[in-house]
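*Asks:* Here you go, this is target.cif (mmCIF, C-alpha atoms).
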data_query
#
loop_
_atom_site.label_atom_id
_atom_site.label_comp_id
_atom_site.auth_asym_id
_atom_site.auth_seq_id
_atom_site.Cartn_x
_atom_site.Cartn_y
_atom_site.Cartn_z
CA MET A 26 -22.42 19.64 10.77
CA SER A 27 -18.78 18.75 10.17
CA HIS A 28 -17.77 16.79 7.11
CA LEU A 29 -14.39 15.40 8.06
CA LEU A 30 -14.25 13.13 5.02
CA PHE A 31 -14.08 16.24 2.85
CA GLU A 32 -11.71 18.26 4.99
CA PRO A 33 -8.33 18.69 3.24
CA LEU A 34 -5.28 17.06 4.81
CA THR A 35 -1.76 18.40 4.40
CA LEU A 36 1.31 16.22 4.87
CA ARG A 37 4.62 17.96 4.19
CA GLY A 38 4.28 19.73 0.84
CA LEU A 39 1.18 17.87 -0.31
CA THR A 40 -2.47 18.72 0.34
CA PHE A 41 -5.09 16.04 -0.27
CA ARG A 42 -8.46 17.42 -1.33
CA ASN A 43 -10.32 14.95 0.90
CA ARG A 44 -9.70 11.96 3.14
CA ILE A 45 -11.31 9.27 1.02
CA TRP A 46 -8.42 7.40 -0.53
CA VAL A 47 -8.01 4.34 -2.74
CA PRO A 48 -5.65 1.74 -1.24
CA PRO A 49 -3.25 -0.43 -3.25
CA MET A 50 -5.16 -3.38 -4.75
CA CYS A 51 -3.32 -5.90 -6.92
CA GLN A 52 -4.75 -6.17 -10.43
CA TYR A 53 -2.48 -8.89 -11.87
CA SER A 54 -3.00 -7.24 -15.24
CA VAL A 55 0.46 -6.66 -16.71
CA GLU A 56 0.06 -8.03 -20.23
CA THR A 57 3.71 -8.42 -21.18
CA LEU A 58 5.06 -9.92 -17.92
CA ASP A 59 7.70 -7.19 -17.77
CA GLY A 60 6.22 -4.99 -15.04
CA VAL A 61 5.04 -2.32 -17.49
CA PRO A 62 1.52 -0.96 -16.83
CA ALA A 63 -1.16 -1.77 -19.39
CA PRO A 64 -4.21 0.17 -20.64
CA TRP A 65 -6.18 -1.54 -17.86
CA HIS A 66 -4.19 0.36 -15.24
CA THR A 67 -4.84 3.71 -16.92
CA VAL A 68 -8.60 3.18 -16.92
CA HIS A 69 -8.75 1.48 -13.50
CA TYR A 70 -6.89 4.21 -11.61
CA GLY A 71 -8.20 7.03 -13.75
CA ALA A 72 -11.82 6.10 -13.04
CA MET A 73 -11.27 6.32 -9.29
CA ALA A 74 -9.58 9.71 -9.56
CA ARG A 75 -12.41 10.95 -11.77
CA GLY A 76 -14.78 9.56 -9.13
CA GLY A 77 -13.55 12.01 -6.51
CA ALA A 78 -10.89 10.14 -4.55
CA GLY A 79 -8.52 12.36 -2.61
CA ALA A 80 -5.63 10.01 -3.33
CA VAL A 81 -5.13 6.94 -5.46
CA ILE A 82 -2.34 4.56 -4.43
CA VAL A 83 -1.11 2.30 -7.21
CA GLU A 84 -0.96 -1.38 -6.27
CA ALA A 85 2.04 -3.25 -4.85
CA THR A 86 4.81 -2.59 -7.37
CA GLY A 87 7.92 -4.74 -7.36
CA VAL A 88 11.25 -3.04 -6.72
CA ALA A 89 12.99 -5.91 -8.55
CA PRO A 90 11.85 -8.76 -10.81
CA GLU A 91 12.04 -11.25 -7.94
CA ALA A 92 10.09 -8.87 -5.69
CA ARG A 93 6.80 -9.42 -7.54
CA ILE A 94 4.00 -11.54 -6.14
CA SER A 95 3.36 -12.87 -9.63
CA ALA A 96 4.77 -12.37 -13.11
CA LYS A 97 1.71 -10.21 -13.91
CA ASP A 98 2.57 -7.61 -11.25
CA LEU A 99 3.70 -4.07 -11.89
CA GLY A 100 7.36 -3.15 -11.48
CA LEU A 101 9.46 -0.04 -11.09
CA TRP A 102 13.00 -1.32 -11.44
CA ASN A 103 13.73 0.19 -14.86
CA ASP A 104 13.14 3.36 -16.86
CA GLU A 105 10.71 1.78 -19.34
CA GLN A 106 8.34 1.06 -16.44
CA ARG A 107 8.85 4.57 -15.06
CA ASP A 108 8.02 6.18 -18.38
CA ALA A 109 4.86 4.08 -18.78
CA PHE A 110 3.57 5.39 -15.43
CA VAL A 111 3.87 9.04 -16.51
CA PRO A 112 0.59 9.30 -18.48
CA ILE A 113 -1.28 7.48 -15.70
CA VAL A 114 0.01 9.91 -13.08
CA ASP A 115 -0.69 12.86 -15.36
CA PHE A 116 -4.32 11.82 -15.74
CA LEU A 117 -4.77 11.34 -11.99
CA HIS A 118 -3.53 14.90 -11.55
CA THR A 119 -5.93 16.29 -14.16
CA GLN A 120 -8.75 14.80 -12.07
CA GLY A 121 -7.50 16.41 -8.86
CA ALA A 122 -6.31 13.28 -7.07
CA ALA A 123 -2.95 12.89 -5.38
CA ALA A 124 -1.01 10.02 -6.95
CA GLY A 125 0.83 7.53 -4.77
CA ILE A 126 2.52 4.20 -5.39
CA GLN A 127 3.19 1.30 -3.07
CA LEU A 128 6.72 -0.06 -3.40
CA ALA A 129 6.97 -3.70 -2.42
CA HIS A 130 9.00 -6.89 -2.16
CA ALA A 131 6.92 -10.05 -1.81
CA GLY A 132 9.66 -12.09 -0.12
CA ARG A 133 8.62 -15.68 0.51
CA LYS A 134 5.15 -14.98 -0.98
CA ALA A 135 6.61 -14.13 -4.40
CA SER A 136 6.63 -16.27 -7.55
CA THR A 137 3.00 -17.38 -7.27
CA TYR A 138 0.21 -17.81 -9.77
CA PRO A 139 -1.88 -14.62 -10.09
CA GLU A 140 -5.10 -14.48 -8.11
CA TRP A 141 -7.26 -14.68 -11.22
CA GLY A 142 -6.87 -15.85 -14.83
CA THR A 143 -5.70 -19.36 -14.00
CA ASP A 144 -7.14 -22.42 -12.29
CA ARG A 145 -3.90 -23.00 -10.39
CA ASP A 146 -2.57 -21.48 -7.18
CA GLY A 147 0.52 -21.74 -5.02
CA SER A 148 4.12 -21.30 -6.11
CA LEU A 149 5.04 -21.01 -9.76
CA ALA A 150 7.84 -23.47 -10.53
CA VAL A 151 11.10 -22.14 -11.91
CA ASP A 152 10.70 -24.21 -15.10
CA GLU A 153 7.31 -22.50 -15.63
CA GLY A 154 8.69 -19.01 -15.32
CA GLY A 155 8.90 -18.77 -11.53
CA TRP A 156 11.94 -17.92 -9.44
CA GLN A 157 13.66 -18.74 -6.17
CA THR A 158 12.06 -16.74 -3.38
CA VAL A 159 13.94 -15.07 -0.54
CA ALA A 160 13.10 -14.24 3.06
CA PRO A 161 14.75 -13.37 6.37
CA SER A 162 14.85 -17.09 7.19
CA ALA A 163 14.34 -20.30 5.21
CA LEU A 164 10.79 -20.74 6.50
CA ALA A 165 7.99 -21.29 3.98
CA PHE A 166 4.58 -19.68 4.04
CA ASP A 167 1.95 -22.38 4.31
CA GLY A 168 1.42 -23.97 0.89
CA LEU A 169 4.27 -22.14 -0.85
CA ALA A 170 7.81 -23.11 -1.78
CA GLU A 171 10.61 -22.78 0.77
CA PRO A 172 12.52 -19.49 0.42
CA ARG A 173 16.24 -18.94 0.71
CA ALA A 174 17.48 -16.78 3.59
CA LEU A 175 18.96 -13.47 2.46
CA THR A 176 22.60 -12.76 3.17
CA GLU A 177 23.54 -9.40 4.67
CA ALA A 178 24.98 -8.34 1.30
CA GLU A 179 21.67 -9.20 -0.35
CA ILE A 180 19.78 -7.22 2.29
CA ALA A 181 21.82 -4.19 1.25
CA GLU A 182 20.75 -4.87 -2.34
CA VAL A 183 17.09 -4.85 -1.25
CA VAL A 184 17.59 -1.41 0.31
CA ALA A 185 19.21 -0.19 -2.91
CA ALA A 186 16.31 -1.56 -4.96
CA PHE A 187 13.74 0.34 -2.87
CA ARG A 188 15.86 3.47 -3.15
CA SER A 189 16.06 3.25 -6.95
CA SER A 190 12.34 2.59 -7.26
CA ALA A 191 11.55 5.56 -5.02
CA ARG A 192 13.66 7.78 -7.26
CA ARG A 193 11.83 6.52 -10.36
CA ALA A 194 8.49 7.09 -8.67
CA ILE A 195 9.28 10.77 -8.20
CA GLU A 196 10.63 11.02 -11.74
CA ALA A 197 7.31 9.59 -12.98
CA GLY A 198 5.46 12.35 -11.13
CA PHE A 199 4.05 10.50 -8.13
CA ASP A 200 3.24 12.79 -5.22
CA PHE A 201 4.03 10.31 -2.45
CA VAL A 202 5.27 6.78 -1.92
CA GLU A 203 4.17 4.00 0.39
CA ILE A 204 6.51 1.26 1.59
CA HIS A 205 4.77 -2.10 1.93
CA ALA A 206 5.66 -3.71 5.25
CA ALA A 207 2.43 -5.67 5.77
CA HIS A 208 0.50 -8.76 4.66
CA GLY A 209 3.33 -11.24 5.08
CA TYR A 210 5.59 -9.77 2.42
CA LEU A 211 9.32 -9.32 2.90
CA LEU A 212 9.45 -6.38 5.32
CA HIS A 213 6.64 -7.85 7.43
CA GLU A 214 8.53 -11.15 7.40
CA PHE A 215 11.51 -9.37 8.93
CA LEU A 216 9.33 -7.65 11.55
CA SER A 217 7.57 -10.80 12.77
CA PRO A 218 9.31 -13.33 15.04
CA LEU A 219 7.17 -16.02 13.39
CA SER A 220 9.11 -15.65 10.13
CA ASN A 221 12.39 -14.11 11.29
CA THR A 222 14.67 -16.43 13.26
CA ARG A 223 17.92 -14.72 12.28
CA THR A 224 20.70 -14.36 14.83
CA ASP A 225 22.52 -11.44 13.19
CA SER A 226 21.75 -7.71 13.42
CA TYR A 227 18.51 -8.20 11.45
CA GLY A 228 16.99 -10.72 13.85
CA GLY A 229 16.23 -11.29 17.52
CA THR A 230 15.04 -8.07 19.16
CA LEU A 231 12.24 -5.97 17.70
CA GLU A 232 14.76 -3.21 17.05
CA ASN A 233 16.89 -5.59 14.99
CA ARG A 234 13.88 -6.98 13.14
CA ALA A 235 12.83 -3.41 12.22
CA ARG A 236 16.31 -2.49 11.00
CA LEU A 237 15.68 -3.30 7.32
CA LEU A 238 12.46 -1.29 7.26
CA LEU A 239 14.15 1.72 8.84
CA ASP A 240 17.08 1.45 6.43
CA ILE A 241 14.62 1.48 3.51
CA VAL A 242 12.76 4.46 4.95
CA ASP A 243 16.02 6.38 5.27
CA ALA A 244 17.05 5.50 1.71
CA THR A 245 13.61 6.47 0.40
CA ARG A 246 13.65 9.82 2.17
CA THR A 247 17.06 10.56 0.68
CA GLU A 248 15.66 10.02 -2.82
CA VAL A 249 12.27 11.74 -2.54
CA GLY A 250 13.40 14.84 -0.63
CA GLU A 251 11.85 16.65 2.29
CA ASP A 252 8.57 17.78 0.69
CA VAL A 253 7.28 14.36 -0.39
CA PRO A 254 5.21 12.35 2.11
CA VAL A 255 6.32 8.79 2.85
CA PHE A 256 3.74 6.29 4.07
CA VAL A 257 4.33 2.81 5.49
CA ARG A 258 1.73 0.05 5.45
CA LEU A 259 1.99 -2.15 8.54
CA SER A 260 0.14 -5.24 9.66
CA ALA A 261 -0.58 -4.19 13.23
CA THR A 262 -0.92 -7.78 14.47
CA ASP A 263 -0.27 -11.30 13.23
CA TRP A 264 -3.45 -12.45 15.02
CA THR A 265 -1.33 -15.35 16.30
CA GLU A 266 0.27 -16.06 19.68
CA GLY A 267 3.99 -15.38 19.57
CA GLY A 268 3.64 -13.09 16.57
CA LEU A 269 3.69 -9.36 16.01
CA THR A 270 1.39 -7.46 18.40
CA LEU A 271 -0.22 -4.03 18.40
CA ASP A 272 2.22 -2.94 21.12
CA ASP A 273 5.11 -3.98 18.86
CA THR A 274 3.62 -2.05 15.97
CA VAL A 275 3.16 1.08 18.08
CA GLU A 276 6.84 0.90 19.00
CA VAL A 277 7.87 0.43 15.36
CA ALA A 278 5.62 3.33 14.35
CA GLY A 279 7.40 5.52 16.89
CA TRP A 280 10.73 4.70 15.28
CA LEU A 281 9.27 5.34 11.84
CA LYS A 282 8.14 8.77 13.03
CA GLU A 283 11.70 9.54 14.15
CA HIS A 284 12.92 8.52 10.68
CA GLY A 285 10.55 10.90 8.90
CA VAL A 286 7.54 8.75 8.00
CA ASP A 287 4.38 10.83 7.69
CA LEU A 288 1.52 8.33 7.93
CA ILE A 289 0.94 4.69 8.83
CA ASP A 290 -1.50 2.75 6.65
CA VAL A 291 -2.77 0.26 9.25
CA SER A 292 -3.80 -3.22 8.14
CA SER A 293 -3.26 -6.62 9.79
CA GLY A 294 -2.43 -10.28 9.26
CA GLY A 295 -1.11 -12.06 6.20
CA ASN A 296 2.16 -13.47 7.54
CA VAL A 297 0.84 -16.78 8.83
CA MET A 298 -2.45 -18.60 8.59
CA ALA A 299 -4.65 -17.15 11.34
CA SER A 300 -8.23 -16.81 12.49
CA ILE A 301 -9.12 -13.14 11.92
CA PRO A 302 -12.38 -11.64 13.23
CA VAL A 303 -13.44 -10.03 9.96
CA GLY A 304 -16.35 -7.60 9.91
CA PRO A 305 -17.19 -4.01 8.92
CA GLY A 306 -14.33 -1.74 10.01
CA TYR A 307 -12.62 -4.63 11.82
CA GLN A 308 -9.19 -2.96 11.71
CA THR A 309 -10.11 0.57 12.71
CA THR A 310 -9.30 0.01 16.39
CA LEU A 311 -5.81 -1.00 15.30
CA ALA A 312 -5.45 2.27 13.40
CA ALA A 313 -6.64 4.09 16.51
CA GLY A 314 -4.08 2.27 18.66
CA VAL A 315 -1.20 3.15 16.34
CA ARG A 316 -2.37 6.76 16.07
CA GLN A 317 -2.70 7.25 19.81
CA GLY A 318 0.45 5.33 20.69
CA SER A 319 2.83 6.84 18.14
CA GLY A 320 1.41 10.30 17.47
CA LEU A 321 1.57 9.65 13.74
CA PRO A 322 -1.40 10.15 11.44
CA THR A 323 -3.00 6.89 10.33
CA ALA A 324 -5.23 5.67 7.53
CA ALA A 325 -7.80 3.01 8.37
CA VAL A 326 -8.59 0.16 5.99
CA GLY A 327 -10.75 -2.94 6.05
CA LEU A 328 -14.38 -3.31 4.95
CA ILE A 329 -15.15 0.40 5.06
CA SER A 330 -18.03 0.73 2.65
CA GLU A 331 -20.41 3.48 3.80
CA PRO A 332 -19.92 7.27 3.94
CA PHE A 333 -21.31 7.60 7.48
CA GLN A 334 -19.07 4.76 8.63
CA GLY A 335 -16.07 6.64 7.25
CA GLU A 336 -17.19 9.90 8.85
CA HIS A 337 -17.54 8.10 12.20
CA ILE A 338 -14.00 6.69 11.98
CA LEU A 339 -12.58 10.19 11.54
CA ALA A 340 -14.91 11.89 14.03
CA THR A 341 -13.96 9.43 16.78
CA GLY A 342 -10.24 9.94 16.22
CA GLN A 343 -9.48 6.46 14.99
CA ALA A 344 -7.73 7.66 11.84
CA ASP A 345 -6.96 10.71 9.73
CA ALA A 346 -8.09 9.18 6.43
CA ILE A 347 -9.97 6.13 5.22
CA LEU A 348 -8.84 3.71 2.55
CA VAL A 349 -11.79 2.31 0.64
CA GLY A 350 -10.92 -0.81 -1.34
CA ARG A 351 -13.66 -3.26 -2.28
CA GLU A 352 -16.31 -0.54 -2.34
CA TYR A 353 -14.24 1.49 -4.78
CA LEU A 354 -14.01 -1.57 -7.03
CA ARG A 355 -17.79 -1.79 -6.92
CA ASP A 356 -18.29 1.94 -7.34
CA PRO A 357 -15.43 4.08 -8.70
CA ASN A 358 -17.57 7.14 -7.84
CA PHE A 359 -17.67 6.35 -4.12
CA ALA A 360 -16.37 9.77 -3.05
CA LEU A 361 -18.97 11.55 -5.19
CA ARG A 362 -21.67 9.36 -3.69
CA ALA A 363 -20.35 10.11 -0.20
CA ALA A 364 -20.66 13.85 -0.85
CA ASP A 365 -24.29 13.34 -1.82
CA ALA A 366 -24.99 11.18 1.24
CA LEU A 367 -23.44 13.76 3.57
CA ARG A 368 -25.06 16.63 1.65
CA PHE A 369 -21.71 18.23 1.13
CA ASP A 370 -21.20 20.42 -1.92
CA ILE A 371 -18.00 19.66 -3.84
CA ASP A 372 -16.66 21.44 -6.90
CA TYR A 373 -14.92 18.48 -8.52
CA ARG A 374 -17.81 16.45 -9.85
CA PRO A 375 -16.90 15.96 -13.54
CA ALA A 376 -18.66 18.53 -15.69
CA GLN A 377 -19.33 15.82 -18.26
CA TYR A 378 -21.60 14.10 -15.71
CA HIS A 379 -23.53 17.10 -14.34
CA ARG A 380 -26.59 16.25 -16.41
CA ALA A 381 -27.04 13.08 -14.33
CA TYR A 382 -27.64 15.18 -11.20
CA ARG A 383 -30.08 17.76 -12.56
#
Would you put the structure from the file into structure tokens?
*Replies:*
Amino acid sequence: MSHLLFEPLTLRGLTFRNRIWVPPMCQYSVETLDGVPAPWHTVHYGAMARGGAGAVIVEATGVAPEARISAKDLGLWNDEQRDAFVPIVDFLHTQGAAAGIQLAHAGRKASTYPEWGTDRDGSLAVDEGGWQTVAPSALAFDGLAEPRALTEAEIAEVVAAFRSSARRAIEAGFDFVEIHAAHGYLLHEFLSPLSNTRTDSYGGTLENRARLLLDIVDATRTEVGEDVPVFVRLSATDWTEGGLTLDDTVEVAGWLKEHGVDLIDVSSGGNVMASIPVGPGYQTTLAAGVRQGSGLPTAAVGLISEPFQGEHILATGQADAILVGREYLRDPNFALRAADALRFDIDYRPAQYHRAYR
């Protein structure tokens, strides 16, 4: 019997020990509001690596102060933040997991109250520590403050910010980087005609709307070198008429392949309010569509919670890896449990815990 979940996967110069990966999941746990990781992050990510994950991707990390979703988000725009990531990455490596980080700009969904820890939601006012948000066009996300449209000079600054953060990620020891172009954040806002009404070279056609993402990919590749994998997270559809479609995403993925991207992390939605048919594995067909249409490896995400479900996704060619989010929050040892369920012998169960299995 095959055990695809535990088959190694090599992308460029990096081999993942298995295909059960932890996706980026915002923790809103920066204690000092300066983007520097806290002890929480060390324990949170370290537990999942110890629990057998093949890769752990650190949550959406702002490439600039104004790029954060909230003031309690991680950042990677200065060297203090970079240096604070080093011991986290080192520990992930001691546990055998590949360490990745998602670089992000929240665009018009920035400057909000964190998801937990407060009884308020929506946009954080400037006089309360918030900031003016930016976007491709001055169109607000439902319930949030109106953003300011970026100038072309400011778009170039966004590219430079991603480039600098990618360089710091490698200096901190991360094995790969993921560029966040999903869930209604800045790069998704540029991709979708529902949020991008520009008439310059960054708006109009799909090719123009993808220009910023491709520029960032090129800048990232320049910084990380040829051996480091680069992922991109895409929302494959806006789930709304007139919005981004799976066919659009397949075309964008093809361009990303030409620009040296190694894997597409396939999610969906988040750019506008929409009715989404949520259920177990509800996005795996989107991952399959991107994989088949572009020829790029994909990772599937979205209510994947059982080992046999994950094995089925890989066995049927829908994806090359699974990203397990909520279930990993419930059980940081999910990969170890999956090995037991599939009766697959692994050699990276922590020796300190062997007595629990005798």
*Asks:* When you count all atoms listed in the file, which of these residues is closest to A:Tyr70: A:Ala122, A:Leu36, A:Val88, A:Ala324?
*Replies:*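 So, comparing all the options, the nearest one is A:Ala122.
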*Asks:* Applying 12 Å and all atoms listed in the file, which residues near A:Ala181 remain after dropping the ones on its own chain fewer than 4 positions away? List them as a VMD selection string.
*Replies:* chain A and resid 175 to 177 185 to 188 227 236 to 238 240 to 241 244
*Asks:* I need the residue nearest A:Ala165 from this list: A:Val55, A:Met298, A:Ala80, A:Pro48. Use all atoms listed in the file for the distance.
*Replies:*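 Among the listed residues, A:Met298 lies closest to A:Ala165.
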*Asks:* Could you list, as a PyMOL selection string, every residue within 7 Å of stretch 158-161 of chain A, counting all atoms listed in the file and ignoring same-chain residues fewer than 4 positions away?
*Replies:* chain A and resi 132-133+135-136+172-175+211+214-215+221+223
*Asks:* Specify as a PDB file with C-alpha atoms, in the coordinates of the input each residue included when the PyMOL selection byres ((chain A and resi 346) around 8) is applied to this file.
*Replies:*
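Result file selection.pdb:
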ATOM      1  CA  LEU A  30     -14.250  13.130   5.020  1.00  0.00           C
ATOM      2  CA  ARG A  44      -9.700  11.960   3.140  1.00  0.00           C
ATOM      3  CA  ILE A  45     -11.310   9.270   1.020  1.00  0.00           C
ATOM      4  CA  TRP A  46      -8.420   7.400  -0.530  1.00  0.00           C
ATOM      5  CA  THR A 323      -3.000   6.890  10.330  1.00  0.00           C
ATOM      6  CA  ALA A 324      -5.230   5.670   7.530  1.00  0.00           C
ATOM      7  CA  ALA A 325      -7.800   3.010   8.370  1.00  0.00           C
ATOM      8  CA  LEU A 339     -12.580  10.190  11.540  1.00  0.00           C
ATOM      9  CA  ALA A 344      -7.730   7.660  11.840  1.00  0.00           C
ATOM     10  CA  ASP A 345      -6.960  10.710   9.730  1.00  0.00           C
ATOM     11  CA  ILE A 347      -9.970   6.130   5.220  1.00  0.00           C
ATOM     12  CA  LEU A 348      -8.840   3.710   2.550  1.00  0.00           C
TER      13      LEU A 348
END
*Asks:* Please enumerate the residues selected by the PyMOL selection byres ((chain A and resi 72) around 12) when evaluated against the supplied file, formatted as a ChimeraX atom specification.
*Replies:* /A:47,65-71,73-78,81,113,116-117,119-122,353-361,375
*Asks:* Could you write out as an MDAnalysis selection string the residues that the PyMOL selection byres ((chain A and resi 104) around 12) matches in the shown file?
*Replies:* chainID A and resid 59:61 100:103 105:111 189:190 192:194 196:197
*Asks:* Taking into account all atoms listed in the file, which residue in the set A:Phe201, A:Trp280, A:Tyr307, A:Trp141 is nearest to A:Gly250?
*Replies:* A:Phe201
*Asks:* As JSON, please: the centre and edge lengths in Å, to one decimal, of an axis-aligned box enclosing every listed atom of stretch 369-376 of chain A with 3 Å added on each side.
*Replies:*
{"center_x": -18.3, "center_y": 18.7, "center_z": -7.3, "size_x": 12.8, "size_y": 11.5, "size_z": 22.8}
*Asks:* How many Å lie between atom CA of A:Gly38 and atom CA of A:Glu251, rounded to one decimal?
*Replies:*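 Spanning atom CA of A:Gly38 to atom CA of A:Glu251 is a straight-line distance of 8.3 Å.
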*Asks:* In Å, rounded to a single decimal, give me how far atom CA of A:Ala235 is from atom CA of A:Asp287.
*Replies:*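 Atom-to-atom, atom CA of A:Asp287 to atom CA of A:Ala235, that is 17.2 Å.
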*Asks:* Rounded to one decimal place, report the atom CA of A:Gly125-atom CA of A:Gly304 distance in Å.
*Replies:*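 Atom CA of A:Gly125 sits 27.2 Å away from atom CA of A:Gly304.
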*Asks:* Could you give me, as a ChimeraX atom specification, the residues within 12 Å of A:Arg368, counting all atoms listed in the file and dropping anything in the same chain fewer than 4 positions from it?
*Replies:* /A:26-28,30-31,332-333,361-364
*Asks:* Write the selection just made, keeping C-alpha atoms, as a short mmCIF file (atom, residue, chain, number, x, y, z; two decimals), in the coordinates of the input?
*Replies:*
data_model
loop_
_atom_site.label_atom_id
_atom_site.label_comp_id
_atom_site.auth_asym_id
_atom_site.auth_seq_id
_atom_site.Cartn_x
_atom_site.Cartn_y
_atom_site.Cartn_z
CA MET A 26 -22.42 19.64 10.77
CA SER A 27 -18.78 18.75 10.17
CA HIS A 28 -17.77 16.79 7.11
CA LEU A 30 -14.25 13.13 5.02
CA PHE A 31 -14.08 16.24 2.85
CA PRO A 332 -19.92 7.27 3.94
CA PHE A 333 -21.31 7.60 7.48
CA LEU A 361 -18.97 11.55 -5.19
CA ARG A 362 -21.67 9.36 -3.69
CA ALA A 363 -20.35 10.11 -0.20
CA ALA A 364 -20.66 13.85 -0.85
#
*Asks:* Pick the closest to A:Ser148 from A:Ser162, A:Ser95, A:Ser260, A:Thr341: which is it, counting only C-alpha atoms?
*Replies:*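 Nearest to A:Ser148: A:Ser95.
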*Asks:* Within 9 Å of A:Arg37, counting only C-alpha atoms, which residues show up once you throw out same-chain ones fewer than 2 positions away? Write them as a PDB file with C-alpha atoms, in the coordinates of the input, please.
*Replies:*
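Full text of result.pdb as output:
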ATOM      1  CA  THR A  35      -1.760  18.400   4.400  1.00  0.00           C
ATOM      2  CA  LEU A  39       1.180  17.870  -0.310  1.00  0.00           C
ATOM      3  CA  THR A  40      -2.470  18.720   0.340  1.00  0.00           C
ATOM      4  CA  GLU A 251      11.850  16.650   2.290  1.00  0.00           C
ATOM      5  CA  ASP A 252       8.570  17.780   0.690  1.00  0.00           C
ATOM      6  CA  VAL A 253       7.280  14.360  -0.390  1.00  0.00           C
ATOM      7  CA  PRO A 254       5.210  12.350   2.110  1.00  0.00           C
ATOM      8  CA  ASP A 287       4.380  10.830   7.690  1.00  0.00           C
TER       9      ASP A 287
END
